[in-house]
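**Q** entry.cif (mmCIF, C-alpha atoms) pasted underneath:
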```cif
data_final
loop_
_atom_site.label_atom_id
_atom_site.label_comp_id
_atom_site.auth_asym_id
_atom_site.auth_seq_id
_atom_site.Cartn_x
_atom_site.Cartn_y
_atom_site.Cartn_z
CA MET A 1 -29.48 15.78 13.23
CA ARG A 2 -29.86 14.42 9.72
CA ASP A 3 -29.06 17.85 8.26
CA VAL A 4 -25.96 18.11 10.41
CA PHE A 5 -24.88 14.70 9.17
CA GLN A 6 -25.39 15.69 5.52
CA GLN A 7 -23.38 18.82 6.14
CA GLU A 8 -20.59 16.77 7.72
CA LEU A 9 -20.58 14.40 4.77
CA ARG A 10 -20.20 17.37 2.44
CA GLU A 11 -17.27 18.55 4.56
CA VAL A 12 -15.72 15.08 4.27
CA GLN A 13 -16.23 15.09 0.51
CA ASP A 14 -14.71 18.58 0.18
CA ARG A 15 -11.67 17.46 2.12
CA LEU A 16 -11.23 14.34 -0.02
CA VAL A 17 -11.35 16.56 -3.12
CA GLU A 18 -8.83 18.94 -1.55
CA ILE A 19 -6.39 16.09 -0.88
CA ALA A 20 -6.97 14.63 -4.36
CA GLU A 21 -6.17 18.03 -5.89
CA LEU A 22 -2.89 18.13 -3.97
CA VAL A 23 -2.13 14.66 -5.30
CA VAL A 24 -2.78 15.98 -8.84
CA ILE A 25 -0.24 18.77 -8.27
CA SER A 26 2.26 16.30 -6.76
CA ILE A 27 2.09 13.86 -9.66
CA GLU A 28 2.23 16.73 -12.20
CA ASN A 29 5.34 18.11 -10.52
CA ALA A 30 6.85 14.66 -9.98
CA THR A 31 6.35 13.83 -13.65
CA THR A 32 7.95 17.10 -14.77
CA ALA A 33 10.80 16.66 -12.26
CA PHE A 34 11.33 13.12 -13.57
CA ASN A 35 11.21 14.06 -17.27
CA GLU A 36 13.29 17.21 -16.98
CA SER A 37 15.57 16.38 -14.02
CA ASP A 38 14.18 19.41 -12.20
CA VAL A 39 15.50 19.17 -8.63
CA ARG A 40 13.62 22.25 -7.41
CA LEU A 41 10.31 20.70 -8.43
CA ALA A 42 11.35 17.36 -6.96
CA ASP A 43 11.99 19.07 -3.62
CA GLU A 44 8.57 20.71 -3.85
CA VAL A 45 6.90 17.32 -4.28
CA ILE A 46 8.82 15.95 -1.32
CA ALA A 47 7.79 18.93 0.85
CA ASP A 48 4.15 18.80 -0.31
CA ASP A 49 3.87 15.19 0.76
CA ASP A 50 3.90 16.24 4.43
CA ARG A 51 0.88 18.42 3.74
CA ILE A 52 -0.99 15.54 2.12
CA ASP A 53 -0.14 13.31 5.11
CA THR A 54 -1.35 15.94 7.58
CA LEU A 55 -4.62 16.53 5.72
CA ALA A 56 -5.26 12.79 5.40
CA LEU A 57 -4.69 12.30 9.14
CA ALA A 58 -7.01 15.23 9.98
CA LEU A 59 -9.68 13.80 7.69
CA ASP A 60 -9.40 10.43 9.41
CA GLU A 61 -9.91 12.13 12.76
CA LEU A 62 -13.00 13.91 11.38
CA ALA A 63 -14.39 10.62 10.06
CA ILE A 64 -13.90 8.97 13.45
CA GLU A 65 -15.59 11.94 15.17
CA ILE A 66 -18.54 11.64 12.78
CA LEU A 67 -18.84 7.94 13.55
CA ALA A 68 -18.87 8.70 17.27
CA ARG A 69 -21.26 11.64 17.10
CA GLN A 70 -23.70 10.64 14.36
CA GLN A 71 -23.66 6.86 14.83
CA PRO A 72 -24.49 6.32 11.15
CA VAL A 73 -25.84 2.98 9.92
CA ALA A 74 -26.33 1.28 6.53
CA ARG A 75 -25.21 3.34 3.53
CA ASP A 76 -24.24 6.37 5.66
CA LEU A 77 -21.92 4.19 7.71
CA ARG A 78 -20.33 2.77 4.57
CA ILE A 79 -19.73 6.27 3.23
CA VAL A 80 -17.82 7.25 6.35
CA VAL A 81 -15.84 4.00 6.45
CA SER A 82 -15.02 4.41 2.75
CA THR A 83 -13.64 7.85 3.52
CA LEU A 84 -11.02 6.23 5.74
CA ARG A 85 -10.05 3.87 2.93
CA ILE A 86 -9.99 6.56 0.27
CA SER A 87 -7.85 8.89 2.37
CA ALA A 88 -5.38 6.04 2.98
CA SER A 89 -5.11 5.43 -0.78
CA LEU A 90 -4.72 9.15 -1.57
CA GLU A 91 -2.00 9.38 1.07
CA ARG A 92 -0.23 6.45 -0.59
CA MET A 93 -0.56 8.09 -4.03
CA GLY A 94 1.20 11.13 -2.56
CA ASP A 95 3.99 8.83 -1.30
CA LEU A 96 4.40 7.32 -4.76
CA ALA A 97 4.57 10.77 -6.40
CA GLU A 98 7.26 11.57 -3.83
CA HIS A 99 9.17 8.37 -4.70
CA ILE A 100 9.10 9.34 -8.40
CA ALA A 101 10.41 12.80 -7.51
CA GLN A 102 13.14 11.26 -5.35
CA LEU A 103 14.40 9.20 -8.29
CA ALA A 104 14.83 12.47 -10.25
CA ARG A 105 16.67 13.95 -7.29
CA TYR A 106 19.06 11.02 -6.76
CA ARG A 107 20.01 10.99 -10.42
CA PHE A 108 20.49 14.73 -10.91
CA PRO A 109 22.09 16.11 -13.09
CA GLU A 110 21.58 12.93 -15.14
CA LYS A 111 18.12 12.01 -16.38
CA VAL A 112 16.49 9.10 -14.60
CA VAL A 113 16.09 6.75 -17.55
CA PRO A 114 18.04 6.35 -20.78
CA ALA A 115 16.70 7.84 -24.01
CA SER A 116 15.16 4.58 -25.27
CA LEU A 117 12.71 4.48 -22.35
CA ARG A 118 11.88 8.16 -22.11
CA PRO A 119 8.83 8.10 -24.42
CA THR A 120 7.38 5.23 -22.35
CA PHE A 121 7.85 7.07 -19.06
CA THR A 122 6.57 10.34 -20.52
CA GLU A 123 3.39 8.48 -21.48
CA MET A 124 3.12 6.71 -18.11
CA GLY A 125 3.53 10.05 -16.34
CA ARG A 126 0.94 11.68 -18.58
CA LEU A 127 -1.51 8.87 -17.85
CA ASP A 128 -0.91 9.04 -14.08
CA VAL A 129 -1.57 12.81 -14.17
CA GLU A 130 -4.72 12.26 -16.24
CA ILE A 131 -5.87 9.51 -13.85
CA ALA A 132 -5.29 11.76 -10.82
CA ARG A 133 -7.27 14.59 -12.45
CA LYS A 134 -10.16 12.26 -13.27
CA LEU A 135 -10.03 10.94 -9.71
CA ALA A 136 -10.35 14.44 -8.24
CA ASP A 137 -13.27 15.08 -10.63
CA LEU A 138 -14.86 11.77 -9.67
CA LEU A 139 -14.64 12.61 -5.97
CA ARG A 140 -16.14 16.04 -6.69
CA THR A 141 -18.96 14.98 -9.05
CA GLN A 142 -19.56 11.26 -8.28
CA ASP A 143 -19.84 10.85 -12.07
CA VAL A 144 -19.26 7.10 -12.34
CA ASP A 145 -18.31 7.28 -16.03
CA LEU A 146 -15.04 8.72 -14.75
CA ALA A 147 -14.46 5.52 -12.76
CA GLU A 148 -14.66 3.54 -15.99
CA ALA A 149 -12.27 5.96 -17.76
CA ILE A 150 -9.77 5.60 -14.89
CA ARG A 151 -9.88 1.83 -15.21
CA THR A 152 -9.23 2.04 -18.97
CA GLU A 153 -6.24 4.33 -18.41
CA ASP A 154 -4.93 2.02 -15.70
CA ASP A 155 -5.00 -0.86 -18.22
CA ARG A 156 -2.83 1.28 -20.48
CA VAL A 157 -0.42 2.00 -17.59
CA ASP A 158 -0.19 -1.75 -16.94
CA GLU A 159 0.68 -2.34 -20.62
CA LEU A 160 3.41 0.30 -20.48
CA HIS A 161 4.70 -1.23 -17.22
CA ALA A 162 4.98 -4.61 -18.98
CA GLY A 163 6.66 -2.81 -21.90
CA VAL A 164 9.34 -1.38 -19.61
CA PHE A 165 10.28 -4.89 -18.47
CA ALA A 166 10.22 -6.18 -22.06
CA GLU A 167 12.66 -3.40 -22.99
CA VAL A 168 14.93 -3.79 -19.97
CA LEU A 169 15.09 -7.57 -20.33
CA GLY A 170 15.42 -7.44 -24.14
CA ALA A 171 18.58 -8.11 -26.14
CA SER A 172 18.93 -4.48 -27.23
CA TRP A 173 19.02 -3.05 -23.68
CA LYS A 174 22.30 -1.19 -23.21
CA GLY A 175 21.52 0.43 -19.84
CA GLU A 176 23.83 0.31 -16.84
CA ALA A 177 22.64 -1.48 -13.69
CA SER A 178 21.62 1.92 -12.28
CA ASP A 179 19.39 2.52 -15.34
CA THR A 180 17.82 -0.88 -14.82
CA VAL A 181 17.17 -0.18 -11.12
CA ASP A 182 15.68 3.24 -11.86
CA ALA A 183 13.47 1.96 -14.68
CA THR A 184 12.25 -0.92 -12.51
CA LEU A 185 11.39 1.30 -9.54
CA ALA A 186 9.93 4.15 -11.61
CA SER A 187 7.73 1.77 -13.55
CA ARG A 188 6.53 0.09 -10.38
CA TYR A 189 5.73 3.47 -8.73
CA HIS A 190 3.76 4.65 -11.76
CA GLU A 191 1.83 1.39 -11.90
CA ARG A 192 0.99 1.39 -8.17
CA PHE A 193 -0.13 5.04 -8.37
CA ALA A 194 -2.71 4.11 -11.02
CA ASP A 195 -3.76 0.99 -9.05
CA HIS A 196 -4.64 3.10 -6.01
CA ALA A 197 -6.75 5.39 -8.20
CA VAL A 198 -8.66 2.36 -9.52
CA SER A 199 -9.20 1.13 -5.99
CA ILE A 200 -10.64 4.53 -4.95
CA ALA A 201 -12.76 4.73 -8.11
CA LYS A 202 -14.32 1.35 -7.28
CA LYS A 203 -15.30 2.58 -3.84
CA VAL A 204 -16.84 5.79 -5.18
CA ARG A 205 -18.67 3.83 -7.84
CA TYR A 206 -20.04 1.52 -5.19
CA LEU A 207 -21.22 4.39 -3.03
CA ALA A 208 -22.86 6.11 -6.00
CA THR A 209 -24.59 3.02 -7.40
CA GLY A 210 -24.90 0.62 -4.46
CA ASP A 211 -23.32 -2.03 -6.70
CA TRP A 212 -20.91 -3.73 -4.38
CA SER A 213 -19.86 -6.51 -6.77
CA SER A 214 -16.94 -4.72 -8.42
CA SER A 215 -15.69 -3.10 -5.23
CA ASP A 216 -12.99 -4.63 -3.04
CA GLY A 217 -14.18 -3.41 0.32
CA ALA A 218 -16.02 -0.43 1.76
CA MET B 1 -24.83 -5.13 25.47
CA ARG B 2 -21.37 -4.39 26.79
CA ASP B 3 -20.67 -8.11 27.17
CA VAL B 4 -21.83 -8.74 23.63
CA PHE B 5 -19.50 -6.00 22.43
CA GLN B 6 -16.54 -7.47 24.34
CA GLN B 7 -17.33 -10.84 22.84
CA GLU B 8 -17.45 -9.32 19.36
CA LEU B 9 -14.11 -7.59 19.93
CA ARG B 10 -12.63 -10.95 20.91
CA GLU B 11 -14.02 -12.41 17.69
CA VAL B 12 -12.41 -9.55 15.74
CA GLN B 13 -9.10 -10.12 17.50
CA ASP B 14 -9.24 -13.89 16.86
CA ARG B 15 -9.84 -13.24 13.18
CA LEU B 16 -6.94 -10.78 12.94
CA VAL B 17 -4.70 -13.42 14.53
CA GLU B 18 -6.02 -16.03 12.09
CA ILE B 19 -5.17 -13.82 9.09
CA ALA B 20 -1.76 -12.91 10.56
CA GLU B 21 -1.00 -16.63 10.97
CA LEU B 22 -1.82 -17.21 7.31
CA VAL B 23 0.53 -14.33 6.43
CA VAL B 24 3.25 -16.07 8.49
CA ILE B 25 2.75 -19.27 6.46
CA SER B 26 2.75 -17.29 3.20
CA ILE B 27 5.98 -15.44 3.91
CA GLU B 28 7.63 -18.66 5.17
CA ASN B 29 6.66 -20.46 1.97
CA ALA B 30 7.49 -17.47 -0.24
CA THR B 31 10.94 -17.23 1.34
CA THR B 32 11.60 -20.93 0.85
CA ALA B 33 10.24 -20.78 -2.73
CA PHE B 34 12.51 -17.79 -3.40
CA ASN B 35 15.64 -19.33 -1.85
CA GLU B 36 15.18 -22.81 -3.29
CA SER B 37 13.34 -22.05 -6.55
CA ASP B 38 10.48 -24.25 -5.35
CA VAL B 39 7.64 -23.71 -7.84
CA ARG B 40 5.18 -25.93 -5.99
CA LEU B 41 5.55 -23.82 -2.85
CA ALA B 42 5.34 -20.61 -4.91
CA ASP B 43 2.01 -21.82 -6.35
CA GLU B 44 0.81 -22.56 -2.82
CA VAL B 45 1.57 -18.98 -1.74
CA ILE B 46 -0.26 -17.62 -4.79
CA ALA B 47 -3.32 -19.79 -4.05
CA ASP B 48 -3.28 -18.97 -0.31
CA ASP B 49 -3.44 -15.25 -1.07
CA ASP B 50 -7.07 -15.61 -2.19
CA ARG B 51 -7.87 -17.05 1.23
CA ILE B 52 -6.21 -14.11 2.98
CA ASP B 53 -8.15 -11.66 0.78
CA THR B 54 -11.44 -13.41 1.51
CA LEU B 55 -10.85 -13.49 5.27
CA ALA B 56 -9.81 -9.82 5.30
CA LEU B 57 -12.95 -8.83 3.40
CA ALA B 58 -15.15 -10.86 5.77
CA LEU B 59 -13.46 -9.26 8.77
CA ASP B 60 -14.10 -5.80 7.32
CA GLU B 61 -17.78 -6.68 6.95
CA LEU B 62 -17.86 -7.85 10.57
CA ALA B 63 -16.21 -4.60 11.72
CA ILE B 64 -18.78 -2.53 9.81
CA GLU B 65 -21.61 -4.62 11.31
CA ILE B 66 -20.20 -4.02 14.79
CA LEU B 67 -20.06 -0.28 14.13
CA ALA B 68 -23.70 -0.33 13.02
CA ARG B 69 -24.98 -2.56 15.81
CA GLN B 70 -22.92 -1.46 18.81
CA GLN B 71 -22.36 2.21 17.93
CA PRO B 72 -19.10 2.26 19.87
CA VAL B 73 -17.49 5.55 20.93
CA ALA B 74 -14.08 6.66 22.24
CA ARG B 75 -11.53 3.88 22.61
CA ASP B 76 -13.96 1.14 21.54
CA LEU B 77 -14.62 3.00 18.29
CA ARG B 78 -10.89 3.36 17.65
CA ILE B 79 -10.39 -0.36 18.20
CA VAL B 80 -12.95 -1.21 15.54
CA VAL B 81 -11.62 1.40 13.08
CA SER B 82 -8.10 0.13 13.69
CA THR B 83 -9.27 -3.35 12.77
CA LEU B 84 -10.13 -2.08 9.30
CA ARG B 85 -6.65 -0.59 8.95
CA ILE B 86 -4.88 -3.64 10.30
CA SER B 87 -6.78 -6.01 8.03
CA ALA B 88 -5.87 -3.83 5.01
CA SER B 89 -2.17 -4.00 5.95
CA LEU B 90 -2.29 -7.77 6.54
CA GLU B 91 -3.97 -8.20 3.17
CA ARG B 92 -1.17 -6.18 1.59
CA MET B 93 1.48 -8.27 3.37
CA GLY B 94 -0.14 -11.34 1.79
CA ASP B 95 0.11 -9.64 -1.63
CA LEU B 96 3.81 -8.92 -1.08
CA ALA B 97 4.50 -12.54 -0.06
CA GLU B 98 2.71 -13.52 -3.28
CA HIS B 99 4.90 -11.13 -5.31
CA ILE B 100 8.04 -12.70 -3.79
CA ALA B 101 6.73 -16.16 -4.68
CA GLN B 102 5.94 -15.01 -8.23
CA LEU B 103 9.54 -13.89 -8.75
CA ALA B 104 10.64 -17.46 -7.89
CA ARG B 105 8.08 -18.81 -10.32
CA TYR B 106 9.05 -16.56 -13.24
CA ARG B 107 12.73 -17.41 -12.86
CA PHE B 108 12.36 -21.18 -12.44
CA PRO B 109 14.50 -23.30 -12.94
CA GLU B 110 17.04 -20.51 -12.35
CA LYS B 111 17.40 -18.98 -8.90
CA VAL B 112 16.00 -15.48 -8.53
CA VAL B 113 19.19 -13.67 -7.56
CA PRO B 114 22.85 -14.38 -8.31
CA ALA B 115 25.06 -16.04 -5.70
CA SER B 116 26.57 -12.79 -4.44
CA LEU B 117 23.18 -11.54 -3.21
CA ARG B 118 21.79 -14.78 -1.87
CA PRO B 119 23.02 -14.37 1.73
CA THR B 120 21.43 -10.90 1.85
CA PHE B 121 18.06 -12.14 0.61
CA THR B 122 18.19 -15.19 2.88
CA GLU B 123 18.63 -12.81 5.81
CA MET B 124 15.89 -10.44 4.59
CA GLY B 125 13.52 -13.38 4.19
CA ARG B 126 14.42 -14.71 7.64
CA LEU B 127 13.73 -11.28 9.15
CA ASP B 128 10.40 -10.92 7.31
CA VAL B 129 9.33 -14.33 8.63
CA GLU B 130 10.45 -13.39 12.15
CA ILE B 131 8.60 -10.06 11.89
CA ALA B 132 5.40 -11.78 10.72
CA ARG B 133 5.61 -14.27 13.62
CA LYS B 134 6.10 -11.48 16.14
CA LEU B 135 3.20 -9.60 14.57
CA ALA B 136 0.86 -12.58 14.98
CA ASP B 137 2.04 -12.89 18.61
CA LEU B 138 1.53 -9.16 19.14
CA LEU B 139 -2.04 -9.36 17.82
CA ARG B 140 -2.68 -12.37 20.08
CA THR B 141 -1.06 -11.07 23.28
CA GLN B 142 -1.00 -7.24 22.88
CA ASP B 143 2.50 -7.47 24.38
CA VAL B 144 3.89 -4.10 23.29
CA ASP B 145 7.51 -5.21 23.72
CA LEU B 146 6.93 -7.15 20.51
CA ALA B 147 6.08 -3.90 18.71
CA GLU B 148 9.51 -2.57 19.67
CA ALA B 149 11.21 -5.77 18.50
CA ILE B 150 9.41 -5.55 15.15
CA ARG B 151 10.63 -2.01 14.69
CA THR B 152 14.23 -3.05 15.42
CA GLU B 153 14.02 -5.88 12.89
CA ASP B 154 12.49 -3.51 10.33
CA ASP B 155 15.53 -1.23 10.74
CA ARG B 156 17.72 -4.22 9.91
CA VAL B 157 15.57 -4.98 6.81
CA ASP B 158 16.01 -1.35 5.70
CA GLU B 159 19.80 -1.70 6.06
CA LEU B 160 19.79 -4.86 3.97
CA HIS B 161 17.55 -3.13 1.40
CA ALA B 162 20.13 -0.31 1.12
CA GLY B 163 22.85 -2.97 0.91
CA VAL B 164 21.16 -4.60 -2.09
CA PHE B 165 21.29 -1.29 -3.97
CA ALA B 166 24.91 -0.71 -2.93
CA GLU B 167 25.79 -4.14 -4.34
CA VAL B 168 23.76 -3.79 -7.55
CA LEU B 169 25.12 -0.30 -8.24
CA GLY B 170 28.68 -1.21 -7.22
CA ALA B 171 31.63 -1.73 -9.56
CA SER B 172 31.80 -5.47 -8.84
CA TRP B 173 28.20 -6.21 -9.90
CA LYS B 174 28.24 -8.72 -12.74
CA GLY B 175 24.52 -9.46 -12.91
CA GLU B 176 22.46 -9.39 -16.09
CA ALA B 177 19.67 -6.81 -16.40
CA SER B 178 17.22 -9.53 -15.33
CA ASP B 179 19.20 -10.09 -12.13
CA THR B 180 19.13 -6.35 -11.47
CA VAL B 181 15.36 -6.18 -12.02
CA ASP B 182 14.73 -9.19 -9.78
CA ALA B 183 17.01 -7.92 -7.01
CA THR B 184 15.36 -4.48 -7.14
CA LEU B 185 11.82 -5.83 -6.97
CA ALA B 186 12.56 -8.54 -4.41
CA SER B 187 14.31 -6.08 -2.13
CA ARG B 188 11.46 -3.60 -2.42
CA TYR B 189 8.86 -6.31 -1.63
CA HIS B 190 10.76 -7.49 1.43
CA GLU B 191 11.14 -3.92 2.66
CA ARG B 192 7.44 -3.04 2.15
CA PHE B 193 6.39 -6.27 3.91
CA ALA B 194 8.30 -5.20 7.03
CA ASP B 195 6.97 -1.62 6.77
CA HIS B 196 3.37 -2.85 6.92
CA ALA B 197 4.20 -4.89 10.03
CA VAL B 198 5.61 -1.76 11.70
CA SER B 199 2.51 0.18 10.75
CA ILE B 200 0.26 -2.49 12.33
CA ALA B 201 2.50 -2.72 15.41
CA LYS B 202 2.14 1.03 15.95
CA LYS B 203 -1.64 0.73 15.89
CA VAL B 204 -1.67 -2.19 18.34
CA ARG B 205 0.74 -0.33 20.59
CA TYR B 206 -1.53 2.70 20.53
CA LEU B 207 -4.58 0.64 21.38
CA ALA B 208 -2.76 -1.11 24.23
CA THR B 209 -1.21 2.00 25.75
CA GLY B 210 -3.39 4.91 24.60
CA ASP B 211 -0.18 6.61 23.45
CA TRP B 212 -1.18 8.03 20.10
CA SER B 213 2.05 9.97 19.48
CA SER B 214 3.99 7.26 17.70
CA SER B 215 1.01 5.99 15.72
CA ASP B 216 0.16 7.15 12.23
CA GLY B 217 -3.62 6.91 12.41
CA ALA B 218 -6.23 4.73 14.12
#
```
Give the structure from this file in structure tokens form.

**A**
Amino acid sequence: MRDVFQQELREVQDRLVEIAELVVISIENATTAFNESDVRLADEVIADDDRIDTLALALDELAIEILARQQPVARDLRIVVSTLRISASLERMGDLAEHIAQLARYRFPEKVVPASLRPTFTEMGRLDVEIARKLADLLRTQDVDLAEAIRTEDDRVDELHAGVFAEVLGASWKGEASDTVDATLASRYHERFADHAVSIAKKVRYLATGDWSSSDGA
Amino acid sequence: MRDVFQQELREVQDRLVEIAELVVISIENATTAFNESDVRLADEVIADDDRIDTLALALDELAIEILARQQPVARDLRIVVSTLRISASLERMGDLAEHIAQLARYRFPEKVVPASLRPTFTEMGRLDVEIARKLADLLRTQDVDLAEAIRTEDDRVDELHAGVFAEVLGASWKGEASDTVDATLASRYHERFADHAVSIAKKVRYLATGDWSSSDGA
């Protein structure tokens, strides 16, 4: 019974990694679509989001089946419950990548943000991609150093997010209202994407170390 | 054992209602703070959010304890798992009320949005309050007609959200960049608040009727 449970946990872990890898592809494509006004890639991100949603839902069903069949307690129970939380956050990260892609689509053939903000968004996009990659690695390896690296990169995303508002609200901002709307939404989506990664990283760190203090829920 | 479980489920339900009622107070106060630039009320919302977070975390711990102790299966298991999802959404609704209150705080003594948008935001706020009240009633009574009413009101919030963008991007918009940023964020927060209520309502509806088709996960 115990062996079966361990095998099921490995299956759960594999599926989390699979979803995280799709999220990596989505944010890579969303970032490129956003930077280069690539509508074809934007459409791909939008289509891929359904696949992420379907896989997340199937994983939730598997987790519930495992709870019913294996009746885990203590740490095993927390692992399974955490799976439900992690899949919900990954699903949300997919939504946010889709929102970023949609901004590129709405604005085509124009670029989403004016030239003055492009370096900032290029860097935010690069960081979100890097964070997603580290997150997939963290889920695969349980190497908690990656959790720390994700948190550091999230701090940098938060700084850039604040920088976007400083620029948009500054005296030298010449953007139209539509530029201001796009910059506001795009910045918020990038920031939330990184936040979800931090939230997942905390849970994985907790499960790997048993240190509950820095986690915000199983 | 079964009686103990039923009693524990009632405890879980009471706690969900308790948190939902705090969310009602938060969105009421956030809406008033937003409409009337009331900084004292905004601070109250910000302080109350800690209480919501603490109660949600405690409820999650209780749900995990119930899973460990009662080893529920089938519908009982889904009820407990749904509790974890519902508490996460309620916690997020509290965050969004806090974000709305923070906008009022940042802009004080100015109002958050220019006069032309105030009726729209007053109506969005009124709907969010109404949705939160119905959600607390739904959690208390499991009356699924309320789930339908919440969905209808969410559709109206979505229309108003689209209307904010139409106004901000329209030729007659005279707002500063800061007005555009505030309107964009405030509209997004109001819309997400209602979305979370719909997501919870679907779960309650599923649990009450067993009809899984319109739900998006236990």

**Q** Report the closest atom pair, with its distance in Å rounded to one decimal, for each residue of chain B that has an atom no farther than 7 Å from chain A; count all atoms listed in the file, sort by chain and then rising residue number, and write it as CSV.

**A**
```
residue,atom,partner,partner_atom,distance
B:Leu57,CA,A:Gly217,CA,6.4
B:Ala68,CA,A:Val73,CA,5.0
B:Gln71,CA,A:Gln71,CA,5.7
B:Pro72,CA,A:Ala68,CA,6.9
B:Val73,CA,A:Ala68,CA,5.0
B:Val168,CA,A:Ala177,CA,6.7
B:Leu169,CA,A:Ser178,CA,5.8
B:Ala177,CA,A:Leu169,CA,6.1
B:Ser178,CA,A:Leu169,CA,5.8
B:Thr180,CA,A:Ala177,CA,6.4
B:Val181,CA,A:Thr184,CA,6.1
B:Thr184,CA,A:Val181,CA,6.1
B:Gly217,CA,A:Leu57,CA,6.4
```

**Q** For CA of Asp128 (chain B) and CA of His190 (chain B), quote the distance in Å rounded to one decimal.

**A**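 Computed distance, CA of Asp128 (chain B) to CA of His190 (chain B), equals 6.8 Å.
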
**Q** Which residues would end up in the selection if the PyMOL selection byres ((chain B and resi 106) around 12) were applied here, given that I need the answer as a ChimeraX atom specification?

**A** /B:33-34,37-39,42-43,99-105,107-113,178,182

**Q** Go ahead and compute the interatomic distance for CA of Arg156 (chain A) and CA of Met124 (chain A), in Å to one decimal.

**A**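 Result for CA of Arg156 (chain A) versus CA of Met124 (chain A): 8.4 Å, one decimal.
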
**Q** Using only C-alpha atoms, which residues sit within 9 Å of Val45 (chain A) once same-chain residues fewer than 5 positions away are excluded, as a JSON list (two decimals) with C-alpha atoms, in the frame of the given file?

**A**
```json
[["chain", "number", "residue", "atom", "x", "y", "z"],
["A", 25, "ILE", "CA", -0.24, 18.77, -8.27],
["A", 26, "SER", "CA", 2.26, 16.30, -6.76],
["A", 27, "ILE", "CA", 2.09, 13.86, -9.66],
["A", 29, "ASN", "CA", 5.34, 18.11, -10.52],
["A", 30, "ALA", "CA", 6.85, 14.66, -9.98],
["A", 33, "ALA", "CA", 10.80, 16.66, -12.26],
["A", 40, "ARG", "CA", 13.62, 22.25, -7.41],
["A", 94, "GLY", "CA", 1.20, 11.13, -2.56],
["A", 97, "ALA", "CA", 4.57, 10.77, -6.40],
["A", 98, "GLU", "CA", 7.26, 11.57, -3.83],
["A", 101, "ALA", "CA", 10.41, 12.80, -7.51],
["A", 102, "GLN", "CA", 13.14, 11.26, -5.35]]
```

**Q** Written as a ChimeraX atom specification, which residues does the PyMOL selection byres ((chain B and resi 13) around 12) give for the file shown?

**A** /B:6-12,14-20,59,62-63,79-80,82-84,86-87,136-142,204

**Q** Given the choices A:Ile150, A:Ile66, A:Ala186, A:Val129, which gets closest to Val198 (chain A) if the distance is worked out from only C-alpha atoms?

**A**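 When distances to Val198 (chain A) are compared using only C-alpha atoms, the smallest one comes from A:Ile150.
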
**Q** Taking 2 positions as the minimum chain separation for residues in the same chain, which residues sit within 12 Å of Thr152 (chain B) when counting only C-alpha atoms? Answer as an MDAnalysis selection string.

**A** chainID B and resid 127:128 130:131 134 145:150 154:159 194:195 197:198 201

**Q** Report, in Å with one decimal, the straight-line distance from CA of Asn35 (chain A) to CA of Leu55 (chain A).

**A**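 Computing the Euclidean distance for CA of Asn35 (chain A) and CA of Leu55 (chain A) yields 28.0 Å.
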
**Q** Around all listed atoms of region 15-25 of chain A, padded 5 Å per side, what centre and edge lengths does the axis-aligned box have in Å to one decimal, as AutoDock Vina command-line options?

**A**
```
--center_x -6.0 --center_y 16.6 --center_z -3.4 --size_x 21.4 --size_y 14.6 --size_z 21.0
```

**Q** For each of A:Arg151, A:Tyr189, A:Asp95, A:Val164, take the minimum atom-to-atom distance to Pro114 (chain A), counting all atoms listed in the file, then give the residue where this is smallest.

**A** A:Val164

**Q** Counting only C-alpha atoms, which residue out of A:Met93, A:Ile52, A:Leu22, A:Val4 sits closest to Arg192 (chain A)?

**A**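 Result for the nearest residue to Arg192 (chain A): A:Met93.
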